[in-house]
2 protein chains.
Amino acid sequence: MAKNAIVGQSGGPTAVINSSLAGVYEAAKRRGIDKVYGMKHGVQGLLNRDVIDLSEAINGELDIELLKRTPSSFLGSCRYKLPNADEQPEVYENLFNILQEMEIAWFFYIGGNDSMDTISKLSDYGRKTGSSIRFIGVPKTIDNDLEGTDHTPGFGSAAKYIGTTIKEIVRDSLVYDMRSVTIVEIMGRNAGWLTAAAALAKSDDCEGADLLYLPEVDFDPDRFVEKVKQLQEKKGNIVIAVSEGIRTRDGVYVCELQEALGPQDAFGHKILTGTARYLASLLSQRLGIKARAIELSTLQRCSSHMVSRMDITEAYQVGGAAVCAAEEGRTGEMVGLSRISENPYQCITELHDIHQIANQEKKVPRDWINKEGDGVTEEMLSYLRPLIQAELSPVYVSGLPRHIVLT
Amino acid sequence: MAKNAIVGQSGGPTAVINSSLAGVYEAAKRRGIDKVYGMKHGVQGLLNRDVIDLSEAINGELDIELLKRTPSSFLGSCRYKLPNADEQPEVYENLFNILQEMEIAWFFYIGGNDSMDTISKLSDYGRKTGSSIRFIGVPKTIDNDLEGTDHTPGFGSAAKYIGTTIKEIVRDSLVYDMRSVTIVEIMGRNAGWLTAAAALAKSDDCEGADLLYLPEVDFDPDRFVEKVKQLQEKKGNIVIAVSEGIRTRDGVYVCELQEALGPQDAFGHKILTGTARYLASLLSQRLGIKARAIELSTLQRCSSHMVSRMDITEAYQVGGAAVCAAEEGRTGEMVGLSRISENPYQCITELHDIHQIANQEKKVPRDWINKEGDGVTEEMLSYLRPLIQAELSPVYVSGLPRHIVLT
């Protein structure tokens with residue numbers, strides 16, 4: 001009987017999610033696995049037997065290097081939430097039948113807190129039914145909101161992109177000898193980690209963002225207007241970073257203060273765009289000043305031309321660690337990163353019970369945000385800095401970064 | 001008597017405008033100039049005697065390398081338009097007095113078509129009054145809409161950024177197994193060169209943008225909706241690049257159509273940007289599909305972390321050529337780039353009478369756009385490709401690109 005492994009990618013993509021795929025693939029091949037399958041579009045694809053043999057899609061060392069540099073999920077992704085096993089056991093029977101037919105011994109799922117729910121449910125069902133399949137979670141999310149890990153692969157590259165972009169925007173904002181306010185909208189519905197990364201821009205050669213607003217702190221529009229007014233008396237050009245998810249004390253999203261509300265996503269979440277645009281028009285109205293809004297948008301999660309080498313390496317590492325965990329017979333666990341030293345930065349992998357992680361959200365500690373709620377502390381910066389270090393150059397073909405795609 | 005030079009930057013910045021500044025500075029120093037002054041915020045600053053000695057701001061070779069990698073105008077910029085000399089002669093008298101006091105022999109202005117108007121007026125006044133000062137224009141604009149040059153420094157890097165970003169957005173758009181429409185808004189009010197650059201994304205590893213809409217062709221919203229509807233029958237994920245300046249046959253900007261659809265901002269003001277957002281809501285309304293809008297925004301002109309080496313080199317080159325022209329006694333001219341061979345690409349500098357260039361706008365030729373007006377021809381791609389070749393790595397400090405700033 002063969003001993004195969006399968007790996008899937010789930011949830012929103014990152015610039016380095018494929019580095020974890022490479023890590024799983026290469027480690028599994030080296031540890032006695034016959035075939036490594038990939039689920040197309042996660043568990044949703046698996047349910048339709050939409051799988052590929054990864055060795056047919058990845059040919060040699062160059063492909064591995066391209067895979068590490070390809071944004072978005074190579075295998076495709078899904079936002080499918082498994083039903084509870086006691087409510088719809090047939091889904092589980094079906095899935096485990098497919099896995100058995102494919103002679104799967106190890107099952108890896110690269111994702112965030114929603115995806116870890118899948119690992120949690122499958123490993124529980126496996127244990128209950130005496131299956132020998134091992135289910136291991138591989139962390140991934142630009143949002144950095146996973147419990148059980150110092151930080152998540154994908155976050156460091158997004159942070160590096162945000163830091164770089166804010167520096168460039170600050171420079172751009174200074175070009176004319178006139179007052180300006182620029183409001184940059186950054187991803188993060190409930191956790192402000194990405195917005196905090198805007199603080200990295202401040203350095204010898206850049207005054208950085210002047211104000212940062214994270215969703216962890218209630219947003220007060222009146223105080224915001226007052227603050228900008230005061231700042232304008234001191235300096236001509238102001239750059240502000242806001243999380244898309246900031247809310248007022250009443251729990252109303254700032255973007256909801258604007259009438260024009262788009263449709264909801266598949267989970268009934270409201271789509272949050274327009275926070276920066278709303279704030280720009282608020283400033284125009286109250287202070288009579290021109291303010292421009294910039295949304296970093298999707299580019300935050302797919303700019304693989306600007307990744308952190310540290311992030312790429314760690315993403316690859318957690319993939320390998322997941323394979324080791326399966327080999328050791330672990331199941332129902334997620335690989336986490338543990339920072340054992342900050343300066344010099346040292347980080348190791350460890351395993352965590354998936355039930356402590358699935359469906360949880362790790363927010364920015366209040367004491368890493370300044371007292372006024374419009375900036376971050378030195379502690380936050382010390383936490384962030386190691387994660388954006390060093391680069392991985394794209395492979396350029398005809399002037400543009402080369403990717404690898406499933407054909 | 002000393003022989004000094006002065007250089008200014010004007011109009012919207014680019015990622016490589018400082019490479020031209022470096023080119024002027026280094027060439028002037030080598031060609032017998034005593035001091036090279038920089039105008040802060042262009043002619044507007046010069047009128048206030050707000051100038052610096054560049055040798056005090058640029059210290060050695062590392063600074064030159066940083067300057068080439070620093071986005072936005074190192075000296076600051078302005079959008080000041082000189083009045084006509086016969087209407088306000090006192091402005092010219094004042095300016096020429098300042099230049100004489102500073103013992104300026106050569107005057108360089110790095111800018112686009114508005115800035116070339118300044119060179120035109122100053123050189124005309126100089127000729128009329130028998131001044132020996134030489135006025136030379138150095139081309140710059142991401143918009144690529146300057147006459148008298150095959151292309152403008154700044155355009156190639158913006159094109160490379162757009163091509164790269166579209167590739168990443170296309171990959172991101174494919175991540176879920178569901179239909180999606182992504183509309184990317186690109187700069188260019190009257191000329192579609194930048195939007196055309198989105199076509200570069202199409203390659204072996206990327207299907208590219210599906211539709212491109214340039215301002216040179218009248219935009220028909222009904223045909224657009226119909227086209228997307230047809231495309232959706234063939235493929236699940238559609239990426240569309242639109243110029244911010246597209247207009248209907250009646251000359252109405254598409255972003256102005258917004259009113260008809262309804263949503264205004266929270267204060268009842270018409271939202272002033274939003275061509276892509278308007279089109280996304282149009283598709284939602286007419287086809288009942290989810291469409292997202294992405295504005296590349298300021299990042300197109302300031303992403304010096306992703307420049308074209310060809311562009312950096314040519315930007316530096318035109319700065320040097322401007323100095324040579326002044327040395328040869330030319331005045332009232334702009335340095336242009338002339339492509340003498342396309343494959344292999346070879347490009348030389350030449351001089352053009354400024355009066356043929358100032359206030360003109362070079363648009364995309366209609367026969368470089370396809371018949372249907374929603375894509376570009378192979379001729380356009382052959383034109384674009386050489387301009388995005390090769391890279392110039394940022395100088396990274398603590399994980400972020402380093403810039404040089406005026407202190």
# chains A, B, ... in the order shown; residues from 1 in each chain; ligands from 1
>>> calpha_fit_rmsd(fixed="chain B", moving="chain A")
2.8 Å
>>> residues_around(residues="segment 345-349 of chain B", least_positions_apart="2", cutoff="9 Å", atoms="only C-alpha atoms", output="ChimeraX atom specification")
/B:149-150,314,317-318,321,335-343,351,386
>>> write_last_selection(atoms="N, CA, C and O atoms", output="CSV table (one decimal), in the first residue's frame")
chain,number,residue,atom,x,y,z
B,149,THR,N,9.9,63.4,-28.4
B,149,THR,CA,10.7,62.3,-27.8
B,149,THR,C,9.9,61.0,-28.0
B,149,THR,O,8.7,60.9,-27.9
B,150,ASP,N,10.7,59.9,-28.2
B,150,ASP,CA,10.1,58.6,-28.5
B,150,ASP,C,9.3,58.2,-27.2
B,150,ASP,O,8.2,57.6,-27.4
B,314,GLU,N,18.2,56.0,-18.9
B,314,GLU,CA,17.8,57.1,-19.9
B,314,GLU,C,17.5,58.4,-19.2
B,314,GLU,O,17.9,59.5,-19.7
B,317,GLN,N,20.8,59.9,-18.6
B,317,GLN,CA,21.3,60.2,-19.9
B,317,GLN,C,20.8,61.6,-20.4
B,317,GLN,O,21.5,62.4,-20.8
B,318,VAL,N,19.5,61.8,-20.3
B,318,VAL,CA,18.9,63.0,-20.8
B,318,VAL,C,19.4,64.2,-20.0
B,318,VAL,O,19.5,65.3,-20.5
B,321,ALA,N,22.8,64.9,-21.4
B,321,ALA,CA,22.7,65.5,-22.7
B,321,ALA,C,22.3,67.0,-22.7
B,321,ALA,O,22.7,67.8,-23.5
B,335,VAL,N,15.8,68.1,-24.6
B,335,VAL,CA,16.4,66.8,-25.0
B,335,VAL,C,15.3,65.8,-25.3
B,335,VAL,O,14.4,65.7,-24.5
B,336,GLY,N,15.4,65.2,-26.4
B,336,GLY,CA,14.4,64.1,-26.7
B,336,GLY,C,15.2,62.8,-26.8
B,336,GLY,O,16.4,62.7,-27.0
B,337,LEU,N,14.4,61.7,-26.7
B,337,LEU,CA,15.0,60.4,-27.0
B,337,LEU,C,14.5,59.9,-28.4
B,337,LEU,O,13.3,60.0,-28.7
B,338,SER,N,15.4,59.4,-29.2
B,338,SER,CA,15.0,59.0,-30.5
B,338,SER,C,15.4,57.5,-30.6
B,338,SER,O,16.6,57.1,-30.5
B,339,ARG,N,14.4,56.7,-30.9
B,339,ARG,CA,14.6,55.2,-31.1
B,339,ARG,C,15.1,55.0,-32.5
B,339,ARG,O,14.3,55.1,-33.4
B,340,ILE,N,16.4,54.6,-32.6
B,340,ILE,CA,16.9,54.4,-34.0
B,340,ILE,C,16.8,53.0,-34.4
B,340,ILE,O,16.9,52.6,-35.6
B,341,SER,N,16.5,52.1,-33.4
B,341,SER,CA,16.3,50.7,-33.8
B,341,SER,C,15.4,50.1,-32.7
B,341,SER,O,15.6,50.4,-31.5
B,342,GLU,N,14.5,49.2,-33.1
B,342,GLU,CA,13.6,48.7,-32.1
B,342,GLU,C,14.1,47.3,-31.6
B,342,GLU,O,13.9,47.0,-30.4
B,343,ASN,N,14.6,46.5,-32.5
B,343,ASN,CA,15.1,45.2,-32.1
B,343,ASN,C,16.4,44.9,-32.9
B,343,ASN,O,16.3,44.5,-34.1
B,351,LEU,N,18.1,67.0,-29.9
B,351,LEU,CA,17.5,68.2,-29.4
B,351,LEU,C,16.3,68.7,-30.2
B,351,LEU,O,16.3,68.5,-31.4
B,386,PRO,N,10.9,47.3,-24.7
B,386,PRO,CA,12.3,47.7,-24.3
B,386,PRO,C,12.3,48.6,-23.1
B,386,PRO,O,13.3,48.7,-22.4
>>> residues_around(residues="Gly188 of chain A", least_positions_apart="2", cutoff="10 Å", atoms="only C-alpha atoms", output="PDB file with N, CA, C and O atoms, in the first residue's frame")
ATOM      1  N   ILE A 142      -1.980  37.235   6.082  1.00  0.00           N
ATOM      2  CA  ILE A 142      -1.339  38.552   6.161  1.00  0.00           C
ATOM      3  C   ILE A 142      -1.797  39.275   7.426  1.00  0.00           C
ATOM      4  O   ILE A 142      -1.109  40.154   7.917  1.00  0.00           O
ATOM      5  N   ASP A 143      -2.961  38.886   7.960  1.00  0.00           N
ATOM      6  CA  ASP A 143      -3.556  39.638   9.074  1.00  0.00           C
ATOM      7  C   ASP A 143      -2.829  39.449  10.407  1.00  0.00           C
ATOM      8  O   ASP A 143      -3.049  40.203  11.340  1.00  0.00           O
ATOM      9  N   ASN A 144      -2.025  38.391  10.503  1.00  0.00           N
ATOM     10  CA  ASN A 144      -1.259  38.111  11.723  1.00  0.00           C
ATOM     11  C   ASN A 144      -2.161  37.897  12.939  1.00  0.00           C
ATOM     12  O   ASN A 144      -1.748  38.152  14.069  1.00  0.00           O
ATOM     13  N   ASP A 145      -3.362  37.424  12.737  1.00  0.00           N
ATOM     14  CA  ASP A 145      -4.326  37.331  13.842  1.00  0.00           C
ATOM     15  C   ASP A 145      -4.535  35.905  14.358  1.00  0.00           C
ATOM     16  O   ASP A 145      -5.537  35.614  15.002  1.00  0.00           O
ATOM     17  N   GLU A 185      -5.517  53.580   3.461  1.00  0.00           N
ATOM     18  CA  GLU A 185      -6.356  52.534   4.063  1.00  0.00           C
ATOM     19  C   GLU A 185      -5.671  51.173   3.933  1.00  0.00           C
ATOM     20  O   GLU A 185      -5.262  50.774   2.848  1.00  0.00           O
ATOM     21  N   ILE A 186      -5.588  50.491   5.067  1.00  0.00           N
ATOM     22  CA  ILE A 186      -4.840  49.241   5.149  1.00  0.00           C
ATOM     23  C   ILE A 186      -5.775  48.131   5.604  1.00  0.00           C
ATOM     24  O   ILE A 186      -6.725  48.363   6.368  1.00  0.00           O
ATOM     25  N   ASN A 190     -10.445  43.298  12.129  1.00  0.00           N
ATOM     26  CA  ASN A 190     -10.525  43.361  13.589  1.00  0.00           C
ATOM     27  C   ASN A 190      -9.176  43.521  14.263  1.00  0.00           C
ATOM     28  O   ASN A 190      -9.107  43.892  15.431  1.00  0.00           O
ATOM     29  N   ALA A 191      -8.122  43.179  13.538  1.00  0.00           N
ATOM     30  CA  ALA A 191      -6.784  43.248  14.129  1.00  0.00           C
ATOM     31  C   ALA A 191      -5.952  44.280  13.371  1.00  0.00           C
ATOM     32  O   ALA A 191      -5.986  44.345  12.148  1.00  0.00           O
ATOM     33  N   GLY A 192      -5.211  45.086  14.119  1.00  0.00           N
ATOM     34  CA  GLY A 192      -4.508  46.217  13.520  1.00  0.00           C
ATOM     35  C   GLY A 192      -3.052  45.972  13.191  1.00  0.00           C
ATOM     36  O   GLY A 192      -2.301  46.930  12.961  1.00  0.00           O
ATOM     37  N   TRP A 193      -2.647  44.701  13.137  1.00  0.00           N
ATOM     38  CA  TRP A 193      -1.224  44.414  12.904  1.00  0.00           C
ATOM     39  C   TRP A 193      -0.697  45.072  11.637  1.00  0.00           C
ATOM     40  O   TRP A 193       0.397  45.636  11.613  1.00  0.00           O
ATOM     41  N   LEU A 194      -1.454  44.966  10.553  1.00  0.00           N
ATOM     42  CA  LEU A 194      -0.975  45.502   9.271  1.00  0.00           C
ATOM     43  C   LEU A 194      -0.872  47.026   9.311  1.00  0.00           C
ATOM     44  O   LEU A 194       0.072  47.606   8.780  1.00  0.00           O
ATOM     45  N   THR A 195      -1.849  47.653   9.944  1.00  0.00           N
ATOM     46  CA  THR A 195      -1.798  49.117  10.053  1.00  0.00           C
ATOM     47  C   THR A 195      -0.603  49.537  10.912  1.00  0.00           C
ATOM     48  O   THR A 195       0.078  50.519  10.615  1.00  0.00           O
ATOM     49  N   LEU A 214      -5.907  51.924  14.619  1.00  0.00           N
ATOM     50  CA  LEU A 214      -6.107  50.478  14.604  1.00  0.00           C
ATOM     51  C   LEU A 214      -7.509  50.146  15.110  1.00  0.00           C
ATOM     52  O   LEU A 214      -8.069  50.883  15.927  1.00  0.00           O
ATOM     53  N   PRO A 215      -8.063  49.026  14.669  1.00  0.00           N
ATOM     54  CA  PRO A 215      -9.431  48.690  15.086  1.00  0.00           C
ATOM     55  C   PRO A 215      -9.540  48.318  16.567  1.00  0.00           C
ATOM     56  O   PRO A 215     -10.646  48.238  17.095  1.00  0.00           O
ATOM     57  N   VAL A 242      -4.903  54.183   8.275  1.00  0.00           N
ATOM     58  CA  VAL A 242      -6.086  53.702   8.997  1.00  0.00           C
ATOM     59  C   VAL A 242      -6.401  52.269   8.590  1.00  0.00           C
ATOM     60  O   VAL A 242      -6.277  51.888   7.430  1.00  0.00           O
ATOM     61  N   SER A 243      -6.817  51.507   9.569  1.00  0.00           N
ATOM     62  CA  SER A 243      -7.290  50.160   9.276  1.00  0.00           C
ATOM     63  C   SER A 243      -8.691  50.244   8.683  1.00  0.00           C
ATOM     64  O   SER A 243      -9.502  51.069   9.105  1.00  0.00           O
ATOM     65  N   GLU A 244      -8.976  49.392   7.716  1.00  0.00           N
ATOM     66  CA  GLU A 244     -10.306  49.368   7.104  1.00  0.00           C
ATOM     67  C   GLU A 244     -11.397  49.079   8.133  1.00  0.00           C
ATOM     68  O   GLU A 244     -12.556  49.409   7.939  1.00  0.00           O
ATOM     69  N   GLY A 245     -10.985  48.482   9.274  1.00  0.00           N
ATOM     70  CA  GLY A 245     -11.991  48.013  10.227  1.00  0.00           C
ATOM     71  C   GLY A 245     -12.220  48.906  11.434  1.00  0.00           C
ATOM     72  O   GLY A 245     -12.856  48.478  12.402  1.00  0.00           O
ATOM     73  N   ILE A 246     -11.730  50.149  11.419  1.00  0.00           N
ATOM     74  CA  ILE A 246     -11.932  50.993  12.604  1.00  0.00           C
ATOM     75  C   ILE A 246     -13.414  51.288  12.817  1.00  0.00           C
ATOM     76  O   ILE A 246     -14.183  51.429  11.873  1.00  0.00           O
ATOM     77  N   LEU A 272     -15.693  45.963   3.603  1.00  0.00           N
ATOM     78  CA  LEU A 272     -15.231  47.202   4.188  1.00  0.00           C
ATOM     79  C   LEU A 272     -14.305  47.950   3.238  1.00  0.00           C
ATOM     80  O   LEU A 272     -13.127  47.718   3.227  1.00  0.00           O
TER      81      LEU A 272
END
>>> select_by_dssp(residues="segment 175-256 of chain A", states="strand (DSSP E or B)", output="ChimeraX atom specification")
/A:176,180-186,203,206,211-213,237-243,247,253
>>> residues_around(residues="segment 156-166 of chain A", least_positions_apart="6", cutoff="6 Å", atoms="only C-alpha atoms", output="PyMOL selection string")
(chain A and resi 197-198+200-201+300+307-308+311+387-388) or (chain B and resi 400)
>>> select_by_dssp(residues="segment 172-290 of chain A", states="alpha helix (DSSP H)", output="PyMOL selection string")
chain A and resi 172-173+193-196+221-234+275-287
>>> residues_around(residues="Arg309 of chain B", least_positions_apart="3", cutoff="7 Å", atoms="only C-alpha atoms", output="list in words")
Ile312, Thr313, Gln389, Ala390, Glu391 and Leu392 of chain B
>>> closest_residue(among="A:Thr152, A:Asn48, A:Asn84, A:Asn59", to="Lys362 of chain A", atoms="only C-alpha atoms")
A:Thr152
>>> closest_residue(among="A:Glu90, A:Asp205, A:Asp124, A:Glu103", to="chain B", atoms="only C-alpha atoms")
A:Asp205
>>> closest_residue(among="A:Leu99, A:Ile17, A:Val364, A:Ile240", to="chain B", atoms="only C-alpha atoms")
A:Ile17
>>> atom_distance(atom1="atom CA of Arg134 of chain B", atom2="atom CA of Gly42 of chain B")
16.8 Å
>>> residues_around(residues="Val184 of chain A", least_positions_apart="3", cutoff="7 Å", atoms="only C-alpha atoms", output="ChimeraX atom specification")
/A:240-242,276,293-295
>>> residues_around(residues="Lys40 of chain B", least_positions_apart="6", cutoff="6 Å", atoms="only C-alpha atoms", output="ChimeraX atom specification")
/B:50-51,75-76
